[in-house]
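A.B. asks: Enclosed is the structure file data_31.txt (compact mmCIF, N, CA and C atoms).
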# COMPACT_ATOMS: atom_id res chain seq x y z
N MET F 30 -29.26 4.64 -12.20
CA MET F 30 -28.51 3.96 -11.16
C MET F 30 -29.06 4.39 -9.81
N ALA F 31 -29.32 3.43 -8.93
CA ALA F 31 -29.87 3.72 -7.62
C ALA F 31 -28.85 4.47 -6.77
N LYS F 32 -29.33 5.27 -5.83
CA LYS F 32 -28.45 6.08 -4.99
C LYS F 32 -27.47 5.20 -4.20
N ALA F 33 -27.89 4.05 -3.67
CA ALA F 33 -27.01 3.16 -2.92
C ALA F 33 -25.87 2.66 -3.80
N GLU F 34 -26.19 2.29 -5.05
CA GLU F 34 -25.16 1.84 -5.98
C GLU F 34 -24.20 2.98 -6.29
N TYR F 35 -24.76 4.15 -6.50
CA TYR F 35 -23.98 5.34 -6.81
C TYR F 35 -22.98 5.59 -5.69
N SER F 36 -23.44 5.58 -4.45
CA SER F 36 -22.55 5.83 -3.32
C SER F 36 -21.50 4.74 -3.20
N SER F 37 -21.89 3.50 -3.41
CA SER F 37 -20.96 2.39 -3.32
C SER F 37 -19.90 2.48 -4.42
N GLU F 38 -20.33 2.79 -5.62
CA GLU F 38 -19.39 2.90 -6.74
C GLU F 38 -18.42 4.05 -6.53
N VAL F 39 -18.93 5.19 -6.08
CA VAL F 39 -18.07 6.34 -5.81
C VAL F 39 -17.10 6.01 -4.68
N ALA F 40 -17.57 5.34 -3.63
CA ALA F 40 -16.71 4.97 -2.51
C ALA F 40 -15.60 4.02 -2.98
N GLN F 41 -15.95 3.10 -3.85
CA GLN F 41 -14.96 2.15 -4.36
C GLN F 41 -13.89 2.87 -5.19
N ILE F 42 -14.31 3.78 -6.04
CA ILE F 42 -13.35 4.55 -6.85
C ILE F 42 -12.49 5.42 -5.96
N ARG F 43 -13.10 6.02 -4.94
CA ARG F 43 -12.36 6.86 -3.99
C ARG F 43 -11.26 6.04 -3.31
N GLN F 44 -11.58 4.82 -2.91
CA GLN F 44 -10.59 3.94 -2.28
C GLN F 44 -9.48 3.58 -3.27
N GLN F 45 -9.84 3.33 -4.52
CA GLN F 45 -8.83 3.02 -5.53
C GLN F 45 -7.89 4.20 -5.74
N ILE F 46 -8.44 5.41 -5.72
CA ILE F 46 -7.60 6.61 -5.87
C ILE F 46 -6.61 6.69 -4.71
N ALA F 47 -7.10 6.48 -3.50
CA ALA F 47 -6.22 6.51 -2.33
C ALA F 47 -5.13 5.44 -2.44
N ASN F 48 -5.49 4.24 -2.87
CA ASN F 48 -4.51 3.16 -3.01
C ASN F 48 -3.47 3.50 -4.08
N GLU F 49 -3.89 4.07 -5.18
CA GLU F 49 -2.95 4.46 -6.24
C GLU F 49 -1.99 5.53 -5.74
N TYR F 50 -2.52 6.49 -5.00
CA TYR F 50 -1.68 7.56 -4.47
C TYR F 50 -0.64 7.00 -3.50
N ILE F 51 -1.08 6.13 -2.60
CA ILE F 51 -0.16 5.54 -1.63
C ILE F 51 0.90 4.70 -2.36
N ALA F 52 0.47 3.94 -3.35
CA ALA F 52 1.43 3.13 -4.12
C ALA F 52 2.45 4.03 -4.80
N ALA F 53 2.01 5.15 -5.35
CA ALA F 53 2.94 6.09 -5.99
C ALA F 53 3.91 6.65 -4.95
N LYS F 54 3.39 6.99 -3.80
CA LYS F 54 4.23 7.51 -2.73
C LYS F 54 5.27 6.46 -2.32
N TRP F 55 4.86 5.21 -2.20
CA TRP F 55 5.79 4.14 -1.86
C TRP F 55 6.76 3.85 -2.99
N GLY F 56 6.35 4.18 -4.20
CA GLY F 56 7.26 4.02 -5.33
C GLY F 56 8.53 4.82 -5.13
N LEU F 57 8.42 5.90 -4.37
CA LEU F 57 9.59 6.70 -4.06
C LEU F 57 10.50 6.00 -3.05
N SER F 58 9.94 5.02 -2.33
CA SER F 58 10.74 4.39 -1.27
C SER F 58 10.86 2.88 -1.42
N GLY F 59 10.58 2.32 -2.60
CA GLY F 59 10.92 0.93 -2.79
C GLY F 59 9.84 -0.01 -3.28
N LEU F 60 8.56 0.36 -3.22
CA LEU F 60 7.52 -0.58 -3.67
C LEU F 60 7.66 -0.88 -5.16
N ALA F 61 8.33 -0.01 -5.87
CA ALA F 61 8.44 -0.13 -7.32
C ALA F 61 9.55 -1.08 -7.75
N ALA F 62 9.94 -2.02 -6.93
CA ALA F 62 11.01 -2.95 -7.27
C ALA F 62 10.72 -3.62 -8.60
N GLY F 63 11.70 -3.64 -9.47
CA GLY F 63 11.54 -4.26 -10.78
C GLY F 63 11.07 -3.29 -11.85
N TYR F 64 10.73 -2.09 -11.48
CA TYR F 64 10.30 -1.06 -12.42
C TYR F 64 11.19 0.16 -12.20
N SER F 65 11.27 1.00 -13.19
CA SER F 65 11.90 2.28 -12.90
C SER F 65 10.90 3.05 -12.04
N ARG F 66 11.39 3.76 -11.06
CA ARG F 66 10.51 4.51 -10.17
C ARG F 66 9.64 5.49 -10.97
N HIS F 67 10.24 6.12 -11.96
CA HIS F 67 9.49 7.08 -12.77
C HIS F 67 8.32 6.40 -13.47
N GLN F 68 8.56 5.25 -14.08
CA GLN F 68 7.49 4.52 -14.78
C GLN F 68 6.40 4.10 -13.81
N PHE F 69 6.81 3.62 -12.66
CA PHE F 69 5.86 3.16 -11.65
C PHE F 69 4.97 4.31 -11.18
N ILE F 70 5.58 5.43 -10.83
CA ILE F 70 4.83 6.58 -10.34
C ILE F 70 3.95 7.15 -11.45
N THR F 71 4.47 7.23 -12.66
CA THR F 71 3.68 7.73 -13.79
C THR F 71 2.45 6.85 -14.02
N ALA F 72 2.63 5.55 -13.94
CA ALA F 72 1.49 4.63 -14.12
C ALA F 72 0.43 4.86 -13.05
N ARG F 73 0.85 5.11 -11.82
CA ARG F 73 -0.11 5.38 -10.73
C ARG F 73 -0.85 6.70 -10.99
N GLN F 74 -0.13 7.72 -11.44
CA GLN F 74 -0.75 9.00 -11.73
C GLN F 74 -1.76 8.86 -12.87
N GLU F 75 -1.39 8.11 -13.90
CA GLU F 75 -2.31 7.89 -15.02
C GLU F 75 -3.56 7.16 -14.56
N SER F 76 -3.38 6.20 -13.68
CA SER F 76 -4.53 5.46 -13.15
C SER F 76 -5.46 6.38 -12.37
N ILE F 77 -4.89 7.28 -11.58
CA ILE F 77 -5.71 8.25 -10.85
C ILE F 77 -6.49 9.11 -11.84
N GLY F 78 -5.86 9.49 -12.94
CA GLY F 78 -6.55 10.26 -13.97
C GLY F 78 -7.73 9.51 -14.57
N VAL F 79 -7.55 8.23 -14.82
CA VAL F 79 -8.64 7.41 -15.35
C VAL F 79 -9.78 7.31 -14.33
N LEU F 80 -9.42 7.10 -13.09
CA LEU F 80 -10.44 7.01 -12.04
C LEU F 80 -11.18 8.34 -11.88
N HIS F 81 -10.46 9.44 -11.99
CA HIS F 81 -11.10 10.76 -11.93
C HIS F 81 -12.10 10.91 -13.08
N SER F 82 -11.72 10.47 -14.25
CA SER F 82 -12.63 10.53 -15.40
C SER F 82 -13.89 9.70 -15.16
N GLN F 83 -13.72 8.53 -14.55
CA GLN F 83 -14.88 7.69 -14.23
C GLN F 83 -15.80 8.42 -13.26
N LEU F 84 -15.21 9.07 -12.26
CA LEU F 84 -16.01 9.84 -11.30
C LEU F 84 -16.77 10.96 -12.00
N GLN F 85 -16.10 11.64 -12.93
CA GLN F 85 -16.76 12.74 -13.66
C GLN F 85 -18.01 12.23 -14.39
N THR F 86 -17.90 11.06 -14.97
CA THR F 86 -19.03 10.46 -15.68
C THR F 86 -20.18 10.16 -14.71
N ILE F 87 -19.84 9.72 -13.52
CA ILE F 87 -20.86 9.31 -12.54
C ILE F 87 -21.48 10.49 -11.81
N ILE F 88 -20.64 11.43 -11.35
CA ILE F 88 -21.15 12.48 -10.46
C ILE F 88 -20.90 13.90 -10.94
N GLY F 89 -20.26 14.05 -12.09
CA GLY F 89 -20.00 15.39 -12.61
C GLY F 89 -18.62 15.89 -12.23
N GLU F 90 -18.18 16.89 -12.98
CA GLU F 90 -16.81 17.39 -12.85
C GLU F 90 -16.51 17.99 -11.48
N ASP F 91 -17.38 18.86 -10.99
CA ASP F 91 -17.11 19.53 -9.70
C ASP F 91 -17.07 18.54 -8.54
N GLN F 92 -18.04 17.65 -8.49
CA GLN F 92 -18.06 16.67 -7.41
C GLN F 92 -16.90 15.68 -7.53
N ALA F 93 -16.52 15.35 -8.75
CA ALA F 93 -15.43 14.40 -8.97
C ALA F 93 -14.13 14.94 -8.42
N ILE F 94 -13.83 16.20 -8.71
CA ILE F 94 -12.57 16.75 -8.19
C ILE F 94 -12.62 16.84 -6.67
N GLN F 95 -13.81 17.11 -6.12
CA GLN F 95 -13.95 17.16 -4.66
C GLN F 95 -13.68 15.79 -4.04
N VAL F 96 -14.17 14.74 -4.66
CA VAL F 96 -13.93 13.38 -4.16
C VAL F 96 -12.44 13.06 -4.19
N VAL F 97 -11.76 13.44 -5.28
CA VAL F 97 -10.32 13.18 -5.38
C VAL F 97 -9.56 13.95 -4.30
N VAL F 98 -9.89 15.22 -4.13
CA VAL F 98 -9.23 16.04 -3.11
C VAL F 98 -9.44 15.45 -1.72
N GLU F 99 -10.68 15.05 -1.42
CA GLU F 99 -10.98 14.46 -0.11
C GLU F 99 -10.25 13.13 0.08
N ALA F 100 -10.20 12.32 -0.97
CA ALA F 100 -9.52 11.02 -0.87
C ALA F 100 -8.05 11.22 -0.54
N LEU F 101 -7.41 12.18 -1.18
CA LEU F 101 -5.99 12.42 -0.95
C LEU F 101 -5.76 13.09 0.41
N ALA F 102 -6.67 13.97 0.81
CA ALA F 102 -6.53 14.66 2.10
C ALA F 102 -6.71 13.70 3.27
N ASP F 103 -7.49 12.64 3.08
CA ASP F 103 -7.76 11.69 4.16
C ASP F 103 -6.65 10.66 4.38
N ILE F 104 -5.64 10.68 3.53
CA ILE F 104 -4.56 9.70 3.66
C ILE F 104 -3.60 10.19 4.73
N PRO F 105 -3.43 9.39 5.79
CA PRO F 105 -2.51 9.81 6.85
C PRO F 105 -1.06 9.75 6.36
N GLU F 106 -0.21 10.55 6.98
CA GLU F 106 1.22 10.56 6.63
C GLU F 106 1.85 9.19 6.87
N GLN F 107 1.49 8.56 7.96
CA GLN F 107 1.99 7.22 8.30
C GLN F 107 0.88 6.21 8.02
N ALA F 108 1.16 5.28 7.14
CA ALA F 108 0.16 4.27 6.79
C ALA F 108 -0.01 3.26 7.92
N THR F 109 -1.24 2.82 8.12
CA THR F 109 -1.51 1.75 9.08
C THR F 109 -1.17 0.41 8.44
N ARG F 110 -1.08 -0.60 9.26
CA ARG F 110 -0.81 -1.93 8.74
C ARG F 110 -1.90 -2.38 7.78
N GLN F 111 -3.15 -2.12 8.13
CA GLN F 111 -4.23 -2.55 7.25
C GLN F 111 -4.17 -1.81 5.92
N ARG F 112 -3.81 -0.52 5.95
CA ARG F 112 -3.70 0.25 4.70
C ARG F 112 -2.59 -0.33 3.84
N LEU F 113 -1.49 -0.75 4.46
CA LEU F 113 -0.41 -1.38 3.71
C LEU F 113 -0.89 -2.66 3.03
N ILE F 114 -1.64 -3.46 3.76
CA ILE F 114 -2.19 -4.70 3.19
C ILE F 114 -3.14 -4.37 2.04
N ASP F 115 -4.00 -3.37 2.23
CA ASP F 115 -4.94 -2.96 1.17
C ASP F 115 -4.20 -2.57 -0.11
N VAL F 116 -3.13 -1.81 0.04
CA VAL F 116 -2.38 -1.36 -1.13
C VAL F 116 -1.66 -2.54 -1.79
N LEU F 117 -1.10 -3.44 -0.99
CA LEU F 117 -0.47 -4.63 -1.59
C LEU F 117 -1.49 -5.45 -2.37
N LEU F 118 -2.68 -5.63 -1.80
CA LEU F 118 -3.73 -6.36 -2.52
C LEU F 118 -4.09 -5.63 -3.82
N HIS F 119 -4.16 -4.32 -3.75
CA HIS F 119 -4.48 -3.51 -4.93
C HIS F 119 -3.40 -3.67 -6.00
N GLU F 120 -2.14 -3.62 -5.57
CA GLU F 120 -1.02 -3.68 -6.52
C GLU F 120 -0.77 -5.08 -7.06
N LEU F 121 -0.88 -6.08 -6.19
CA LEU F 121 -0.50 -7.44 -6.58
C LEU F 121 -1.68 -8.30 -7.02
N GLY F 122 -2.89 -7.83 -6.73
CA GLY F 122 -4.07 -8.61 -7.07
C GLY F 122 -4.47 -9.54 -5.94
N ASP F 123 -5.73 -9.90 -5.93
CA ASP F 123 -6.26 -10.76 -4.88
C ASP F 123 -6.08 -12.22 -5.31
N THR F 124 -4.82 -12.67 -5.21
CA THR F 124 -4.47 -14.02 -5.63
C THR F 124 -4.07 -14.86 -4.42
N GLU F 125 -3.92 -16.14 -4.62
CA GLU F 125 -3.47 -17.03 -3.55
C GLU F 125 -2.05 -16.65 -3.11
N GLU F 126 -1.20 -16.31 -4.08
CA GLU F 126 0.17 -15.91 -3.75
C GLU F 126 0.18 -14.64 -2.90
N THR F 127 -0.67 -13.67 -3.24
CA THR F 127 -0.75 -12.43 -2.46
C THR F 127 -1.29 -12.73 -1.07
N ALA F 128 -2.25 -13.63 -0.97
CA ALA F 128 -2.79 -14.00 0.34
C ALA F 128 -1.70 -14.61 1.22
N HIS F 129 -0.86 -15.47 0.63
CA HIS F 129 0.25 -16.05 1.39
C HIS F 129 1.22 -14.95 1.84
N LEU F 130 1.53 -14.04 0.94
CA LEU F 130 2.43 -12.95 1.28
C LEU F 130 1.87 -12.09 2.41
N THR F 131 0.61 -11.70 2.30
CA THR F 131 0.02 -10.85 3.35
C THR F 131 -0.10 -11.60 4.67
N ASP F 132 -0.34 -12.91 4.62
CA ASP F 132 -0.35 -13.71 5.86
C ASP F 132 1.03 -13.68 6.52
N ARG F 133 2.07 -13.83 5.72
CA ARG F 133 3.44 -13.80 6.25
C ARG F 133 3.78 -12.43 6.82
N ILE F 134 3.32 -11.39 6.17
CA ILE F 134 3.55 -10.03 6.67
C ILE F 134 2.85 -9.84 8.02
N ARG F 135 1.62 -10.31 8.13
CA ARG F 135 0.91 -10.22 9.41
C ARG F 135 1.63 -11.01 10.50
N ASP F 136 2.13 -12.21 10.15
CA ASP F 136 2.91 -13.00 11.10
C ASP F 136 4.17 -12.25 11.53
N MET F 137 4.82 -11.61 10.56
CA MET F 137 6.03 -10.84 10.86
C MET F 137 5.71 -9.71 11.83
N TRP F 138 4.60 -9.01 11.60
CA TRP F 138 4.21 -7.92 12.51
C TRP F 138 3.97 -8.43 13.92
N LYS F 139 3.29 -9.58 14.03
CA LYS F 139 3.05 -10.17 15.36
C LYS F 139 4.37 -10.50 16.04
N THR F 140 5.30 -11.08 15.29
CA THR F 140 6.61 -11.42 15.84
C THR F 140 7.34 -10.16 16.28
N MET F 141 7.33 -9.14 15.46
CA MET F 141 8.01 -7.90 15.81
C MET F 141 7.38 -7.25 17.04
N ASP F 142 6.06 -7.29 17.13
CA ASP F 142 5.38 -6.75 18.32
C ASP F 142 5.81 -7.51 19.57
N ARG F 143 5.88 -8.83 19.47
CA ARG F 143 6.29 -9.65 20.62
C ARG F 143 7.73 -9.36 21.02
N LEU F 144 8.61 -9.19 20.03
CA LEU F 144 10.00 -8.84 20.33
C LEU F 144 10.09 -7.51 21.05
N ARG F 145 9.33 -6.52 20.58
CA ARG F 145 9.34 -5.20 21.23
C ARG F 145 8.82 -5.29 22.66
N GLU F 146 7.75 -6.06 22.85
CA GLU F 146 7.19 -6.22 24.20
C GLU F 146 8.19 -6.88 25.13
N ARG F 147 8.89 -7.88 24.63
CA ARG F 147 9.80 -8.67 25.46
C ARG F 147 11.14 -7.98 25.69
N PHE F 148 11.70 -7.36 24.63
CA PHE F 148 13.06 -6.85 24.71
C PHE F 148 13.18 -5.33 24.62
N GLY F 149 12.12 -4.67 24.26
CA GLY F 149 12.20 -3.22 24.05
C GLY F 149 12.49 -2.90 22.59
N GLU F 150 12.23 -1.66 22.23
CA GLU F 150 12.35 -1.22 20.84
C GLU F 150 13.76 -1.38 20.27
N GLU F 151 14.76 -0.92 20.99
CA GLU F 151 16.13 -0.93 20.47
C GLU F 151 16.65 -2.34 20.24
N THR F 152 16.48 -3.23 21.20
CA THR F 152 16.96 -4.60 21.05
C THR F 152 16.16 -5.34 19.99
N ALA F 153 14.87 -5.12 19.95
CA ALA F 153 14.04 -5.75 18.91
C ALA F 153 14.51 -5.31 17.53
N HIS F 154 14.86 -4.04 17.41
CA HIS F 154 15.36 -3.53 16.12
C HIS F 154 16.67 -4.22 15.75
N ARG F 155 17.57 -4.38 16.70
CA ARG F 155 18.84 -5.07 16.43
C ARG F 155 18.60 -6.52 16.03
N ILE F 156 17.65 -7.17 16.69
CA ILE F 156 17.35 -8.57 16.37
C ILE F 156 16.82 -8.69 14.94
N THR F 157 15.89 -7.82 14.57
CA THR F 157 15.28 -7.93 13.24
C THR F 157 16.20 -7.44 12.13
N ARG F 158 17.20 -6.66 12.46
CA ARG F 158 18.13 -6.14 11.45
C ARG F 158 19.46 -6.90 11.41
N ALA F 159 19.57 -7.98 12.16
CA ALA F 159 20.80 -8.76 12.19
C ALA F 159 21.07 -9.34 10.80
N PRO F 160 22.32 -9.24 10.34
CA PRO F 160 22.64 -9.81 9.02
C PRO F 160 22.58 -11.34 9.07
N SER F 161 22.32 -11.94 7.93
CA SER F 161 22.24 -13.40 7.89
C SER F 161 23.60 -14.04 8.12
N CYS F 162 24.67 -13.35 7.72
CA CYS F 162 26.02 -13.79 8.04
C CYS F 162 26.94 -12.58 7.91
N ILE F 163 28.11 -12.70 8.54
CA ILE F 163 29.02 -11.56 8.55
C ILE F 163 30.25 -11.82 7.69
N SER F 164 30.79 -13.02 7.78
CA SER F 164 32.04 -13.31 7.04
C SER F 164 31.81 -14.40 6.00
N HIS F 165 32.77 -14.52 5.14
CA HIS F 165 32.69 -15.55 4.10
C HIS F 165 32.88 -16.95 4.68
N SER F 166 33.54 -17.05 5.82
CA SER F 166 33.76 -18.36 6.43
C SER F 166 32.50 -18.89 7.12
N GLU F 167 31.58 -17.98 7.44
CA GLU F 167 30.31 -18.37 8.07
C GLU F 167 29.36 -18.87 7.00
N VAL F 168 28.65 -19.96 7.28
CA VAL F 168 27.69 -20.49 6.33
C VAL F 168 26.44 -19.63 6.39
N CYS F 169 26.08 -19.04 5.28
CA CYS F 169 24.91 -18.16 5.22
C CYS F 169 23.70 -18.96 4.77
N PRO F 170 22.58 -18.77 5.46
CA PRO F 170 21.37 -19.45 4.99
C PRO F 170 20.93 -18.90 3.64
N SER F 171 20.36 -19.77 2.83
CA SER F 171 19.93 -19.30 1.51
C SER F 171 18.56 -18.73 1.54
Now that the file is in, can you turn its structure into structure tokens?
C.D. replies:
Amino acid sequence: MAKAEYSSEVAQIRQQIANEYIAAKWGLSGLAAGYSRHQFITARQESIGVLHSQLQTIIGEDQAIQVVVEALADIPEQATRQRLIDVLLHELGDTEETAHLTDRIRDMWKTMDRLRERFGEETAHRITRAPSCISHSEVCPS
């Protein structure tokens, strides 16, 4: 295997490890909807194990563990918007439905940014957290 392919393959696996870790972390806070959190997180951990094994085959045991450690150490505590999109693509697959979802998420972020610019953080937060209806007599949108 050529060195460029080797580096590209290792980089791709490293990114997958980071995505699996982030997905597991989000499993603690809601990304695991429809699954038990334990099952979701366990599946992510198992996937990281498989990816680690692939790295061992490609670059050896010592370098493989170093790549995993570096991948996990490079993950910021607060995920960026692009990292969130990357993980959603990783979890949901690169499908037309996922593309529509990520487009809507990007639109939502733009709207939220505009609200914050126009009204400030606190009012923008109240606007985006407003309930769809308050009483039973009010017609709630579906």
A.B. asks: Please determine, counting only C-alpha atoms, which residue among F:Ala100, F:Ala153, F:Leu121, F:Ile114 has the shortest atom-to-atom distance to F:Thr140.
C.D. replies: F:Ala153
A.B. asks: Name the residues of stretch 64-136 of chain F that come out as alpha helix (DSSP H) in a backbone DSSP run; write them as a ChimeraX atom specification.
C.D. replies: /F:66-88,90-102,110-121,125-136
A.B. asks: Return the single residue from F:Ile87, F:Ala93, F:Leu130, F:Val79 that is closest to F:Glu38, with distances computed using only C-alpha atoms.
C.D. replies: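 When distances to F:Glu38 are compared using only C-alpha atoms, the smallest one comes from F:Ile87.
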A.B. asks: Find the distance between atom CA of F:Gln68 and atom CA of F:Glu90 and write it in Å to one decimal.
C.D. replies: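 About the pair atom CA of F:Gln68 and atom CA of F:Glu90: they are 27.6 Å apart.
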A.B. asks: For a test of reading the model, state the distance in Å between atom CA of F:Ile46 and atom CA of F:Ile77, rounded to one decimal.
C.D. replies: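 The value is 5.6 Å.
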A.B. asks: Mind giving me the straight-line distance from atom CA of F:Gly122 to atom CA of F:Leu101 in Å, one decimal?
C.D. replies: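 For atom CA of F:Gly122 relative to atom CA of F:Leu101, the distance reads 22.0 Å.
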